[in-house]
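So this block is upload-v7.cif, mmCIF, C-alpha atoms, pLDDT in the B column; chains and numbers go by the auth columns:
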```
data_input
loop_
_atom_site.group_PDB
_atom_site.id
_atom_site.type_symbol
_atom_site.label_atom_id
_atom_site.label_comp_id
_atom_site.label_asym_id
_atom_site.label_seq_id
_atom_site.Cartn_x
_atom_site.Cartn_y
_atom_site.Cartn_z
_atom_site.B_iso_or_equiv
_atom_site.auth_seq_id
_atom_site.auth_asym_id
ATOM 1 C CA MET A 1 52.713 9.307 -27.583 74.00 84 A
ATOM 2 C CA LYS A 2 53.894 6.131 -25.979 88.00 85 A
ATOM 3 C CA ARG A 3 52.066 2.891 -26.503 88.00 86 A
ATOM 4 C CA ARG A 4 51.455 2.435 -22.740 89.00 87 A
ATOM 5 C CA THR A 5 49.865 5.912 -22.464 90.00 88 A
ATOM 6 C CA LEU A 6 47.635 5.247 -25.481 89.00 89 A
ATOM 7 C CA LEU A 7 46.439 1.881 -24.109 89.00 90 A
ATOM 8 C CA THR A 8 45.785 3.412 -20.672 92.00 91 A
ATOM 9 C CA ALA A 9 43.678 6.165 -22.235 90.00 92 A
ATOM 10 C CA LEU A 10 41.768 3.685 -24.412 90.00 93 A
ATOM 11 C CA MET A 11 41.062 1.394 -21.444 93.00 94 A
ATOM 12 C CA GLY A 12 39.863 4.334 -19.332 92.00 95 A
ATOM 13 C CA THR A 13 37.592 5.536 -22.131 93.00 96 A
ATOM 14 C CA ALA A 14 36.213 2.018 -22.722 92.00 97 A
ATOM 15 C CA GLY A 15 35.580 1.608 -18.979 91.00 98 A
ATOM 16 C CA ALA A 16 33.741 4.944 -18.794 90.00 99 A
ATOM 17 C CA VAL A 17 31.584 4.110 -21.825 90.00 100 A
ATOM 18 C CA LEU A 18 30.762 0.650 -20.472 89.00 101 A
ATOM 19 C CA SER A 19 29.903 2.093 -17.044 90.00 102 A
ATOM 20 C CA GLY A 20 27.587 4.612 -18.687 85.00 103 A
ATOM 21 C CA VAL A 21 25.887 1.932 -20.773 87.00 104 A
ATOM 22 C CA VAL A 22 25.128 -0.036 -17.598 88.00 105 A
ATOM 23 C CA ALA A 23 24.536 2.794 -15.105 88.00 106 A
ATOM 24 C CA ILE A 24 22.230 5.106 -17.087 86.00 107 A
ATOM 25 C CA PRO A 25 19.433 2.549 -17.782 84.00 108 A
ATOM 26 C CA THR A 26 19.734 1.235 -14.230 84.00 109 A
ATOM 27 C CA LEU A 27 19.397 4.722 -12.793 83.00 110 A
ATOM 28 C CA LEU A 28 16.451 5.551 -15.065 80.00 111 A
ATOM 29 C CA SER A 29 14.575 2.368 -14.135 78.00 112 A
ATOM 30 C CA ALA A 30 15.156 3.047 -10.431 77.00 113 A
ATOM 31 C CA VAL A 31 14.002 6.677 -10.563 75.00 114 A
ATOM 32 C CA SER A 32 11.164 6.489 -13.111 70.00 115 A
ATOM 33 C CA PRO A 33 8.495 5.050 -10.743 64.00 116 A
ATOM 34 C CA ALA A 34 9.024 8.001 -8.408 63.00 117 A
ATOM 35 C CA LEU A 35 8.630 10.482 -11.275 63.00 118 A
ATOM 36 C CA ALA A 36 5.623 8.807 -12.868 61.00 119 A
ATOM 37 C CA ARG A 37 2.243 10.244 -11.982 62.00 120 A
ATOM 38 C CA ARG A 38 -0.159 7.514 -11.040 65.00 121 A
ATOM 39 C CA ARG A 39 -3.814 8.217 -11.527 74.00 122 A
ATOM 40 C CA ALA A 40 -6.151 7.319 -8.714 79.00 123 A
ATOM 41 C CA ALA A 41 -7.649 3.841 -8.847 87.00 124 A
ATOM 42 C CA TRP A 42 -10.943 4.108 -6.964 93.00 125 A
ATOM 43 C CA ARG A 43 -12.608 0.812 -6.039 93.00 126 A
ATOM 44 C CA SER A 44 -15.827 0.194 -4.138 94.00 127 A
ATOM 45 C CA VAL A 45 -15.630 -1.305 -0.660 96.00 128 A
ATOM 46 C CA GLY A 46 -19.405 -1.570 -0.267 95.00 129 A
ATOM 47 C CA ARG A 47 -22.523 0.404 0.534 96.00 130 A
ATOM 48 C CA PHE A 48 -21.770 2.990 3.220 96.00 131 A
ATOM 49 C CA GLU A 49 -24.811 2.043 5.313 94.00 132 A
ATOM 50 C CA GLU A 50 -23.532 -1.580 5.534 94.00 133 A
ATOM 51 C CA PHE A 51 -20.821 -0.441 7.957 96.00 134 A
ATOM 52 C CA PRO A 52 -22.190 0.144 11.495 96.00 135 A
ATOM 53 C CA VAL A 53 -21.123 3.343 13.251 96.00 136 A
ATOM 54 C CA GLY A 54 -18.349 2.705 15.802 94.00 137 A
ATOM 55 C CA GLN A 55 -17.473 -0.800 14.606 95.00 138 A
ATOM 56 C CA VAL A 56 -14.512 -2.137 12.653 97.00 139 A
ATOM 57 C CA VAL A 57 -15.614 -4.488 9.876 96.00 140 A
ATOM 58 C CA PRO A 58 -13.502 -6.413 7.342 96.00 141 A
ATOM 59 C CA ALA A 59 -14.389 -5.832 3.705 96.00 142 A
ATOM 60 C CA VAL A 60 -13.162 -7.232 0.402 93.00 143 A
ATOM 61 C CA VAL A 61 -12.135 -4.982 -2.477 93.00 144 A
ATOM 62 C CA HIS A 62 -11.905 -6.326 -6.026 87.00 145 A
ATOM 63 C CA VAL A 63 -8.618 -5.139 -7.491 82.00 146 A
ATOM 64 C CA ARG A 64 -9.051 -6.259 -11.126 72.00 147 A
ATOM 65 C CA ARG A 65 -5.392 -6.879 -11.883 62.00 148 A
ATOM 66 C CA GLY A 66 -5.988 -8.246 -15.380 61.00 149 A
ATOM 67 C CA ASP A 67 -3.000 -10.568 -15.378 59.00 150 A
ATOM 68 C CA GLY A 68 -4.814 -13.851 -14.692 61.00 151 A
ATOM 69 C CA ALA A 69 -3.711 -14.159 -11.047 59.00 152 A
ATOM 70 C CA ARG A 70 -7.144 -14.842 -9.591 62.00 153 A
ATOM 71 C CA SER A 71 -5.877 -15.349 -6.046 61.00 154 A
ATOM 72 C CA LEU A 72 -4.573 -11.767 -6.043 70.00 155 A
ATOM 73 C CA ASP A 73 -7.632 -10.019 -7.447 78.00 156 A
ATOM 74 C CA ARG A 74 -9.158 -9.460 -3.996 85.00 157 A
ATOM 75 C CA LYS A 75 -7.807 -7.344 -1.163 88.00 158 A
ATOM 76 C CA THR A 76 -9.095 -7.369 2.406 93.00 159 A
ATOM 77 C CA VAL A 77 -9.339 -4.044 4.243 96.00 160 A
ATOM 78 C CA TYR A 78 -10.814 -2.954 7.559 97.00 161 A
ATOM 79 C CA VAL A 79 -13.482 -0.240 7.644 97.00 162 A
ATOM 80 C CA TRP A 80 -14.092 1.742 10.829 97.00 163 A
ATOM 81 C CA ARG A 81 -17.094 4.017 10.521 96.00 164 A
ATOM 82 C CA THR A 82 -16.200 6.708 13.032 95.00 165 A
ATOM 83 C CA THR A 83 -19.302 8.909 12.599 94.00 166 A
ATOM 84 C CA PRO A 84 -22.496 8.701 10.561 94.00 167 A
ATOM 85 C CA GLN A 85 -20.723 10.704 7.806 93.00 168 A
ATOM 86 C CA GLU A 86 -17.083 9.494 7.990 95.00 169 A
ATOM 87 C CA ALA A 87 -15.112 6.271 7.811 96.00 170 A
ATOM 88 C CA VAL A 88 -11.486 5.183 8.072 97.00 171 A
ATOM 89 C CA VAL A 89 -10.250 2.355 5.841 97.00 172 A
ATOM 90 C CA TYR A 90 -7.145 0.516 7.044 97.00 173 A
ATOM 91 C CA SER A 91 -4.784 -1.681 5.099 95.00 174 A
ATOM 92 C CA ARG A 92 -4.693 -5.218 6.450 94.00 175 A
ATOM 93 C CA ASN A 93 -0.879 -5.205 6.386 94.00 176 A
ATOM 94 C CA CYS A 94 1.206 -4.677 9.515 94.00 177 A
ATOM 95 C CA THR A 95 3.618 -1.764 9.190 93.00 178 A
ATOM 96 C CA ASP A 96 6.538 -3.867 10.474 91.00 179 A
ATOM 97 C CA LEU A 97 6.837 -6.756 7.986 88.00 180 A
ATOM 98 C CA SER A 98 3.521 -6.473 6.134 90.00 181 A
ATOM 99 C CA CYS A 99 1.978 -9.540 7.799 93.00 182 A
ATOM 100 C CA PRO A 100 -1.844 -9.618 7.722 95.00 183 A
ATOM 101 C CA VAL A 101 -3.358 -8.178 10.906 96.00 184 A
ATOM 102 C CA ASN A 102 -6.610 -9.366 12.450 96.00 185 A
ATOM 103 C CA PHE A 103 -9.121 -7.271 14.360 97.00 186 A
ATOM 104 C CA ASP A 104 -10.429 -8.578 17.692 96.00 187 A
ATOM 105 C CA PRO A 105 -13.837 -7.031 18.485 95.00 188 A
ATOM 106 C CA GLY A 106 -13.574 -7.919 22.195 95.00 189 A
ATOM 107 C CA SER A 107 -10.417 -5.913 22.847 96.00 190 A
ATOM 108 C CA GLU A 108 -10.992 -3.552 19.911 96.00 191 A
ATOM 109 C CA CYS A 109 -7.369 -4.029 18.823 97.00 192 A
ATOM 110 C CA PHE A 110 -5.587 -5.215 15.697 97.00 193 A
ATOM 111 C CA PHE A 111 -3.146 -8.091 16.247 97.00 194 A
ATOM 112 C CA CYS A 112 -0.197 -9.069 14.054 95.00 195 A
ATOM 113 C CA PRO A 113 0.561 -12.802 14.345 93.00 196 A
ATOM 114 C CA CYS A 114 4.159 -12.521 13.116 92.00 197 A
ATOM 115 C CA HIS A 115 5.797 -10.607 15.976 89.00 198 A
ATOM 116 C CA GLY A 116 2.956 -9.961 18.388 91.00 199 A
ATOM 117 C CA GLY A 117 2.355 -6.404 17.253 94.00 200 A
ATOM 118 C CA ILE A 118 -0.753 -4.739 18.638 96.00 201 A
ATOM 119 C CA PHE A 119 -2.514 -1.709 17.173 97.00 202 A
ATOM 120 C CA ALA A 120 -5.308 0.301 18.790 97.00 203 A
ATOM 121 C CA LYS A 121 -8.655 0.786 17.070 96.00 204 A
ATOM 122 C CA ASP A 122 -7.380 4.099 15.676 96.00 205 A
ATOM 123 C CA GLY A 123 -4.401 2.282 14.092 96.00 206 A
ATOM 124 C CA ALA A 124 -1.766 3.530 16.568 97.00 207 A
ATOM 125 C CA PRO A 125 0.899 0.969 17.569 97.00 208 A
ATOM 126 C CA MET A 126 0.521 -0.197 21.178 96.00 209 A
ATOM 127 C CA ALA A 127 2.998 -3.078 21.566 94.00 210 A
ATOM 128 C CA GLY A 128 5.559 -5.117 19.673 91.00 211 A
ATOM 129 C CA PRO A 129 7.976 -4.065 16.950 93.00 212 A
ATOM 130 C CA PRO A 130 5.671 -1.835 14.846 93.00 213 A
ATOM 131 C CA ARG A 131 6.443 1.851 15.375 94.00 214 A
ATOM 132 C CA VAL A 132 4.289 3.233 12.550 94.00 215 A
ATOM 133 C CA PRO A 133 0.453 3.339 12.646 96.00 216 A
ATOM 134 C CA LEU A 134 -1.581 1.166 10.272 97.00 217 A
ATOM 135 C CA PHE A 135 -1.766 2.619 6.780 96.00 218 A
ATOM 136 C CA ARG A 136 -5.038 4.330 5.842 96.00 219 A
ATOM 137 C CA TYR A 137 -6.502 4.397 2.372 96.00 220 A
ATOM 138 C CA ALA A 138 -7.793 7.640 0.946 95.00 221 A
ATOM 139 C CA ASN A 139 -11.539 7.176 0.760 96.00 222 A
ATOM 140 C CA ARG A 140 -14.604 8.928 -0.534 95.00 223 A
ATOM 141 C CA LEU A 141 -18.358 8.510 -0.534 95.00 224 A
ATOM 142 C CA ARG A 142 -19.891 8.403 -4.017 94.00 225 A
ATOM 143 C CA GLU A 143 -23.572 7.704 -4.621 94.00 226 A
ATOM 144 C CA GLY A 144 -23.867 5.775 -1.333 94.00 227 A
ATOM 145 C CA GLU A 145 -20.772 3.639 -2.045 95.00 228 A
ATOM 146 C CA LEU A 146 -17.618 3.817 0.053 96.00 229 A
ATOM 147 C CA GLU A 147 -14.625 3.863 -2.310 96.00 230 A
ATOM 148 C CA ILE A 148 -10.875 3.695 -1.692 96.00 231 A
ATOM 149 C CA ASP A 149 -7.929 4.755 -3.841 94.00 232 A
ATOM 150 C CA LEU A 150 -5.734 1.668 -4.232 90.00 233 A
ATOM 151 C CA TYR A 151 -2.710 3.867 -4.995 88.00 234 A
ATOM 152 C CA SER A 152 -3.010 6.005 -1.869 90.00 235 A
ATOM 153 C CA LEU A 153 -0.689 3.730 0.133 88.00 236 A
ATOM 154 C CA PRO A 154 3.061 3.295 -0.209 81.00 237 A
ATOM 155 C CA PRO A 155 4.102 0.591 -2.694 74.00 238 A
ATOM 156 C CA MET A 156 4.382 -2.988 -1.376 66.00 239 A
ATOM 157 C CA THR A 157 1.705 -2.615 1.305 66.00 240 A
#
```

Would you write the structure of this file as structure tokens?
Amino acid sequence: MKRRTLLTALMGTAGAVLSGVVAIPTLLSAVSPALARRRAAWRSVGRFEEFPVGQVVPAVVHVRRGDGARSLDRKTVYVWRTTPQEAVVYSRNCTDLSCPVNFDPGSECFFCPCHGGIFAKDGAPMAGPPRVPLFRYANRLREGELEIDLYSLPPMT
């Protein structure tokens, strides 16, 4: 075997091993969150009777992060009690760039201040860049408390 052939084979093998050492952990860290099963994280939004039927009301949910970031331990959501037995809980984040939306009771619309996005009371986009409706939390009624699953939305919302 010639020296040039041996060095070429050694360099190719070293390159493949080095690529594997870098690529395999990177691939595993990118894919593992999608494969992990997250358990539901139910948090109370408030007493169900506190939300008037037909109205959209902001509510604060305590997230309990546990990492000392006190400014991030509360999350604002919007609760629309559609019937005496059902409610819809919206994320406060716009579906375009995740800016915080505000609800205007006069027009019964959600407004995004970043790009002028407008959402109807049912969360459907009406104007501006957003093309996806407002995200809705999975919710349940337990012992008179309205609860939401914090993990029921896509990550980063």

- Which polymer residues have any atom within 12 Å of an atom of stretch 205-209 of chain A, counting only C-alpha atoms, with same-chain residues fewer than 3 positions away left out, as a ChimeraX atom specification? /A:137-139,161-165,170-179,184-186,191-195,199-202,212-219

- Residue nearest A:Leu229 among A:Val100, A:Ala203, A:Val136, A:Val128 (counting all atoms listed in the file):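 Residue with the minimum atom-to-atom distance to A:Leu229: A:Val128.
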
- Item | Separation of atom CA of A:Gln168 from atom CA of A:Ser127 in Å |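 Between atom CA of A:Ser127 and atom CA of A:Gln168 the gap works out to 16.6 Å.
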
- Task: Could you tell me how far atom CA of A:Val144 lies from atom CA of A:Pro196, in Å and to one decimal?
- Result: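 Atom CA of A:Pro196 lies at a distance of 22.5 Å from atom CA of A:Val144.
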
- Residues matched by the PyMOL selection byres ((chain A and resi 131) around 6), written as a list of chain:residue names: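 What the PyMOL selection byres ((chain A and resi 131) around 6) grabs from the file is A:Arg130, A:Glu132, A:Glu133, A:Phe134, A:Gly227, A:Glu228, A:Leu229.
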
Those same residues, written as a CSV table (one decimal), in the coordinates of the input with C-alpha atoms?
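Resulting contents of result12.csv:
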```
chain,number,residue,atom,x,y,z
A,130,ARG,CA,-22.5,0.4,0.5
A,132,GLU,CA,-24.8,2.0,5.3
A,133,GLU,CA,-23.5,-1.6,5.5
A,134,PHE,CA,-20.8,-0.4,8.0
A,227,GLY,CA,-23.9,5.8,-1.3
A,228,GLU,CA,-20.8,3.6,-2.0
A,229,LEU,CA,-17.6,3.8,0.1
```

- Query: Taking all atoms listed in the file into account, which of A:Glu230, A:Glu169, A:Asp187, A:Asp156 comes nearest A:Ala124?
  - Reply: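 Selected residue with least distance to A:Ala124: A:Glu230.
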
- Task: Calculate how many Å separate atom CA of A:Thr91 from atom CA of A:Leu110, rounding to one decimal.
- Result: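 Distance between the two atoms: 27.6 Å.
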
- Within 8 Å of A:Lys158 using all atoms listed in the file, minus same-chain residues under 6 positions, as a PyMOL selection string: chain A and resi 143-146

- Task: Measuring atom to atom with all atoms listed in the file, identify which of A:Val114, A:Val160, A:Cys182, A:Cys197 is nearest to A:Leu233.
- Result: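 Distance minimum relative to A:Leu233 lands on A:Val160.
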